[in-house]
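Note sheet for the following structure.
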Amino acid sequence: MELLAVILLFYASQYLLAMGEEVFEGAELAVLPCHYSGVIPEVNPSVIWSRHDLKPQTVHLRRKEDDFCGQNQRFSGRTSMKFDALASADFSLSLRNPRLYDSGNYICSISDGIAEITVTEVKLQVKASPESLTMTMKVLKGEESVLLPCQYGKELEEVVTVKWSRSDLNPNIVHKLGNYPSEQNQLYEGRTSMSPYALTSSDFSLTLKEPQLSDSGIYICSIIDDKEEIFLSDVQLHVREIFPTWAVVLLVLLVLLAVSGGLLFHFRHDLISVYKVEVDSGVESVLLPFKTTVRLSEYNTTVTWRNNRNRVVHSNCYKDYQQHKQFKGRTEMNINYKSRDFSLTLKNPTDRDSGTYSCTVYDYWSGKILAEKQVLLKVKVYKVEVNSGVKSVLLPFKTTVSLTEDNTTVTWRNNDGRMVASNRYKDDQQHRQYKNRTEMKKNYGSGDFSLTLKNPTVRDSGTYSCTVYDDKSGKIRPNKQVLLKVKVYKVEVDSGVESVLLPFKTPVSLTEEVTVTWRNNSGRVVDGYDWWYKNLQQHKQYEGRTEMKINVKSRDFSLTLKNPTVRDSGTYTCTVSYRQTGEILAMKQVLLKVKVYKVEVDSGVESVLLPFKATVLLSKDNTTVTWTDNPGRVVRKHNRRLGFLSEVQHQRYKNRTEMKTKFTPGNFSLTLKNPRHRDSGIYTCIVSRWGTILAMKQVLLKVKVYKVEVDSGVESVLLPFKTPVSLTGVVTVMWRNNSGRMVDCNYFKELQLRQYKYRTEMKKNYKSGDFSLTLKNPTVRDSGTYTCTICRKETILAKKQVLLKVKGEADSPIMAIDFGSGYSGYAFNLKPREEGGETQLKRWGKELGLDSPKTPTCILFDRHKRFLKFGYEAKTAYSNMRGREADNYYIFDNFKRNILDIYEPAPGRGVRNNEKIFFFSKSMTRLELFREVLRFLKDDALKTIKHHPAGGEISASDFTWVLTVPGSLKDLTKRLMTEAAVQAGLVGEDTKDKLVFALESAAALAWCLKPPPDGFITQNHSRTSQDQPPEPAGAGTSCNDPAGGPEPGETRVLLETQNQDQVAEPGETRVLLETQNQDQVHCKMGTKILLETRNPDRKRYLVVDCGDQIYRITVHEVLEGGALKMLDKDFRRYLGEKKIKEFLREIFSHGVWREYEENFPSEVLKIMFEFIHLQHLDEDVQISCPDTLRERAQREKDIETFFASVEGASWEDGVIKISRDKLRSFFDDSLQRITERLRDVLNKNSNIGFIVLVGGLAESQMLRQFITDQFGHQYKVLCPLRPQEAVLKGAVELGRNPELVQFD
């Protein structure tokens, strides 16, 4: 924290700049500007606007939200800031209806709760308009006195302070009367007085003796009590001189303006806080100016330029290896100590170079900063925009540099660094995506190297760079970037239409020997035609549903898709190519969006109609109409000849559906009786004859749940239910909770759950149909969904659901533990939910020079099975052991699956908590291992919190503990984890209700839906998108998209616990948050979470948890009321770490590397740590080579010869350099596997709108770019700024809602 305060003060020294604002009284708005470009505190950031002459001083306070608790009441309801002020660093304040007494000095400052620094000071002058002034008075200089009137029309009930002030003075006090010490401005000392009876007579008029010219101004009269300051009147005083002096004043002003104008121009760069430079990509160089007025010595002065990532750009005294490789050979600095000019010239600027550059001048010996300047560089990229389907697009590049063909290499690359075209390349160097699709001009005389890209598609969108190299000197000549955007033609239709046309007509002349293929975004054949083979093999999804125009003469290959559904939405690509050569002649993409008709009703209505009318010719014998729900269950099936086929209807819809048996005139609408919340979803109606689809439509049903919210401690709460259904005879009315257990009933009282004994009263008015339930003394435990069902025997007559939320009292602090396959860690929040507070994480690996939110899941025991170390320390300690020494210790690594994979015991056998996990010949039980992991993390967390500012003396029993799990837990696993938590001291036998299990993917998704305060990483097809400060993500990458994302503050978590008597429907496993209770038995299908969020299009979220060793894929759907349904899951293992070891073994030979691994395992471990950190980059990287490895290798041969035959590796000054392409090759297999699995999951699950990337490897630019390239054109790809922390922080967010957990 102290370091953060120092950093804040360091940046603040640059931005403090007094400004002035003038506005007339009566204006609608006054804006006080404040812009900050320093470091925003990560912990408890707040912006404070204040005026030191007021009491209280606070004008406006912004934390995560506006805080008006301590605001001065004169500003109440009149101030506001931008909603994203902290994110955008624009702290400007808007003041509505400015008044005369608002004039004064306003201070804008930023704080992290410990240190507060001033960003800027704004002097606001509110000028009086003639109609707004109470009175205007004129007096001549030298008169004896003048009286400024002020009366108060009410009788004073208490002693107050009377204040006369002038806002244009500092201090602004003219006169003060009352029981407070005076702070009078010296200009008025001995010249002001008020009547001694002022307080009793309420006449506060001020006498001003011997008025001077400087006394002219607006005087404000006000009274101050203990609570506020009350404005009474304002008087404008004009003091005039007998002899006018305007001519003298005018002459003086002209002289001053001339002098100050020259000074301002000369020192303009120093007066501007951040000087901005803007150039086009492709210019030869750009100048970043810096000229200081400080006198400097040539012998002890260091001048250093750095970029916004603190990388050395240029310095007058650095060694070559200190300059970052991005800028090597590209910078020149004017070093002129006499003129004090240290401007920097940056050659061949690209958009990667955009950002803030800082030049610091400091004393070499003392380190004292003598001068400092910041320059904001923006390199603009030329933009080209075309429609998909054009024959080609030109990416222009023309340089004025004189070039020769013999020694010039010109290369075009895309934003992934893949080669697009070059004047010198072998066939295998050009990326396959661009094979036979590029033509580059090679005009060395005019310098024109423009690129023509044939048949551009959406996949080709991105930034292209053209680089010119001088082969002799190795210098880079001017290069240029071009941003290409390929727009896709869009077609939008409603579900239920007979067909949709995807148009494609090419201007290219064609022969009959062509192949025409339509494919969907998954690459599957939708329809096609081959001159020789005629029809191509069509995917079964489109069989019998497509018709393609095949007119070579008119060149029309439009596709008709019959009976389109939501599943058909996506991008379709038509390719026309020569059959024999495969050369692409024409290509076009069409984006199809099939909209679903929406029906919305309240829970409790008698029925709902799902409409469908179609003009279909029906046969009397063999026409079948089938309604199915989203998982594919039959809702109702009717055959024209056989009638209603009840035997295939799903049990859920028995006796609840009706259709007209006579379908003329094509009315296939379905009536669903007693719709409930779980009926929400997409319903599909298919009209078919002998398997041929005649018509199809989809309807989205949304059943809303009535919500009731009360505070804990109220006497009772009413859950309303009134049905219009006429009730006769004997009926059963039953209320159940979300676990399916009885709350109340008109019969069977003995089955009532003991939790509700003597606490319920149900109205039993059969005539009015009122069966509302009164629940007495509701507590947090009672929160959840309650269902009232009225039935006669097995027939349901009416049904309604009510969502009850009981708000709890003070929250307990939350501690979340993420027990991962490769890495584990913990996070905590000590503040109550109402106060917000930042979630804190422990940082690990500092002893190894690392800064990680997690530590390896590795635990070390001695020979007596006593715990020694965990994480990095355990790995390092064990790696340092030699020979037989390690035989005396137990070490377990990556053992998560061994603990969680517990199977049901055979009949007669007990719970296998004591089943052993083996490491070579040593073993320990599951319970022992997990207990010690939890014990260590608990103890370490309590130590961390003890030193936390908000921590102090706090024990494990004070926390609610959240444990993350990869999926739904079996009962045996849950019991084992609970028993381990009890033995480790997290909870006690009587406090097991404070142990919560959270699904990892759900926690991550909850954090992203919040949305996270850090925002999301922008994926704008730039290899260096992380170089810039995070900005709101653009289309395709932001969760703030109105199409489906939640709005801030609209997400809340509701956790429901499954019970042994709850039966889940097949395929409807709802797993998110699971709660443990002493006498709970959970069903095998898991549990469900309710996460309320605005999601009007019912988009599903595909979460990819990219751990450092395993990636997991899960699909969640947000239902009405927030139920998050998990639809699919999968996991796979990476190969990256294995590949780097094989790579090092290839470099140093098997013998050298094997000997090194055996003798120096700790150094090998450190190399692996360094690689794990570097694998997140998408650029050339370098790994430090330990001296012991270098010495061992040099015994064989010269170190550089090891690298001669290895592609993608080189040796330079003690480091192993790995090329970007080689680094990518380590993950090619894994990336392809991820893509294949994602495609499989996406094809199985329709209506997915978002792909959320979390986990450690999601920090990799390589992975994010790859996923975005593959799927970004159809899905929105989200990645929080710190993806490795998403699961932990999300688990804390879920745990911060304990009042919503159901304990049975």
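Every chain in the structure tokens takes a letter, A first, then B, and so on in the order presented; its residues are numbered from 1, and the ligands are numbered from 1 following the presented order.
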
Step one, run DSSP on the backbone; step two, keep only residues of segment 507-612 of chain A assigned to strand (DSSP E); then write them as a ChimeraX atom specification. /A:514-519,525-530,534-535,546-548,559-562,570-578,584-595,597-602,607-610

Set the distance at 10 Å and use only C-alpha atoms: which residues neighbour Lys842 of chain A once local chain neighbours fewer than 3 positions away are removed? I'd like the list as a count of residues only. 13

Would you mind listing what lies within 7 Å of Lys994 of chain A as a PyMOL selection string, with only C-alpha atoms counted and same-chain residues fewer than 5 positions away left out? chain A and resi 960-961+987

List as a ChimeraX atom specification the protein and nucleic acid residues near Met333 of chain A, meaning an atom at most 12 Å away when only C-alpha atoms are counted, but skip any in the same chain fewer than 2 places from it. /A:286-291,303-305,313-317,329-331,335-336,340-347,359

Restricting it to N, CA and C atoms, dump the selection as an mmCIF file, in the first residue's frame.
```cif
data_model
loop_
_atom_site.group_PDB
_atom_site.id
_atom_site.type_symbol
_atom_site.label_atom_id
_atom_site.label_comp_id
_atom_site.auth_asym_id
_atom_site.auth_seq_id
_atom_site.Cartn_x
_atom_site.Cartn_y
_atom_site.Cartn_z
ATOM 1 N N VAL A 286 8.703 9.487 -36.699
ATOM 2 C CA VAL A 286 7.886 10.438 -35.953
ATOM 3 C C VAL A 286 8.728 11.009 -34.817
ATOM 4 N N LEU A 287 8.540 12.284 -34.509
ATOM 5 C CA LEU A 287 9.310 12.961 -33.468
ATOM 6 C C LEU A 287 8.470 13.104 -32.208
ATOM 7 N N LEU A 288 8.997 12.606 -31.071
ATOM 8 C CA LEU A 288 8.366 12.789 -29.764
ATOM 9 C C LEU A 288 9.131 13.902 -29.062
ATOM 10 N N PRO A 289 8.570 15.125 -28.997
ATOM 11 C CA PRO A 289 9.348 16.287 -28.537
ATOM 12 C C PRO A 289 9.514 16.343 -27.021
ATOM 13 N N PHE A 290 10.679 16.810 -26.583
ATOM 14 C CA PHE A 290 10.930 17.075 -25.155
ATOM 15 C C PHE A 290 12.073 18.073 -25.037
ATOM 16 N N LYS A 291 11.736 19.237 -24.509
ATOM 17 C CA LYS A 291 12.725 20.283 -24.273
ATOM 18 C C LYS A 291 12.488 20.821 -22.882
ATOM 19 N N VAL A 303 19.152 10.331 -19.266
ATOM 20 C CA VAL A 303 17.885 10.615 -19.943
ATOM 21 C C VAL A 303 17.353 9.297 -20.500
ATOM 22 N N THR A 304 16.145 8.921 -20.095
ATOM 23 C CA THR A 304 15.570 7.628 -20.501
ATOM 24 C C THR A 304 14.147 7.813 -20.987
ATOM 25 N N TRP A 305 13.864 7.253 -22.159
ATOM 26 C CA TRP A 305 12.506 7.185 -22.686
ATOM 27 C C TRP A 305 11.962 5.780 -22.440
ATOM 28 N N VAL A 313 12.778 2.377 -24.209
ATOM 29 C CA VAL A 313 12.722 2.710 -25.627
ATOM 30 C C VAL A 313 14.080 3.246 -26.088
ATOM 31 N N HIS A 314 14.665 4.156 -25.282
ATOM 32 C CA HIS A 314 15.977 4.723 -25.606
ATOM 33 C C HIS A 314 16.536 5.376 -24.343
ATOM 34 N N SER A 315 17.848 5.371 -24.212
ATOM 35 C CA SER A 315 18.510 6.011 -23.086
ATOM 36 C C SER A 315 19.900 6.444 -23.518
ATOM 37 N N ASN A 316 20.417 7.494 -22.865
ATOM 38 C CA ASN A 316 21.756 7.964 -23.227
ATOM 39 C C ASN A 316 22.849 7.157 -22.534
ATOM 40 N N CYS A 317 22.467 6.255 -21.616
ATOM 41 C CA CYS A 317 23.483 5.422 -20.959
ATOM 42 C C CYS A 317 22.894 4.059 -20.607
ATOM 43 N N GLY A 329 17.292 -0.539 -33.139
ATOM 44 C CA GLY A 329 17.580 -0.029 -34.467
ATOM 45 C C GLY A 329 16.554 0.939 -35.005
ATOM 46 N N ARG A 330 15.621 1.386 -34.146
ATOM 47 C CA ARG A 330 14.528 2.234 -34.631
ATOM 48 C C ARG A 330 14.456 3.585 -33.932
ATOM 49 N N THR A 331 15.413 3.898 -33.042
ATOM 50 C CA THR A 331 15.309 5.143 -32.272
ATOM 51 C C THR A 331 16.580 5.975 -32.404
ATOM 52 N N ILE A 335 20.681 14.616 -28.202
ATOM 53 C CA ILE A 335 21.271 14.805 -26.874
ATOM 54 C C ILE A 335 22.048 16.114 -26.908
ATOM 55 N N ASN A 336 21.362 17.202 -26.564
ATOM 56 C CA ASN A 336 21.958 18.532 -26.591
ATOM 57 C C ASN A 336 21.780 19.160 -25.224
ATOM 58 N N ARG A 340 19.137 21.751 -24.101
ATOM 59 C CA ARG A 340 18.299 20.877 -23.254
ATOM 60 C C ARG A 340 17.179 20.226 -24.053
ATOM 61 N N ASP A 341 17.526 19.808 -25.265
ATOM 62 C CA ASP A 341 16.570 19.153 -26.155
ATOM 63 C C ASP A 341 16.869 17.658 -26.177
ATOM 64 N N PHE A 342 15.894 16.846 -25.737
ATOM 65 C CA PHE A 342 16.064 15.392 -25.698
ATOM 66 C C PHE A 342 14.924 14.702 -26.448
ATOM 67 N N SER A 343 14.506 15.318 -27.533
ATOM 68 C CA SER A 343 13.424 14.748 -28.348
ATOM 69 C C SER A 343 13.860 13.410 -28.920
ATOM 70 N N LEU A 344 12.869 12.528 -29.115
ATOM 71 C CA LEU A 344 13.135 11.176 -29.594
ATOM 72 C C LEU A 344 12.542 10.986 -30.985
ATOM 73 N N THR A 345 13.324 10.406 -31.879
ATOM 74 C CA THR A 345 12.840 10.052 -33.204
ATOM 75 C C THR A 345 12.615 8.553 -33.260
ATOM 76 N N LEU A 346 11.387 8.150 -33.583
ATOM 77 C CA LEU A 346 11.027 6.735 -33.687
ATOM 78 C C LEU A 346 10.776 6.420 -35.154
ATOM 79 N N LYS A 347 11.545 5.484 -35.685
ATOM 80 C CA LYS A 347 11.460 5.160 -37.107
ATOM 81 C C LYS A 347 10.385 4.104 -37.370
ATOM 82 N N CYS A 359 9.572 10.511 -20.850
ATOM 83 C CA CYS A 359 11.002 10.835 -20.832
ATOM 84 C C CYS A 359 11.347 11.362 -19.451
#
```
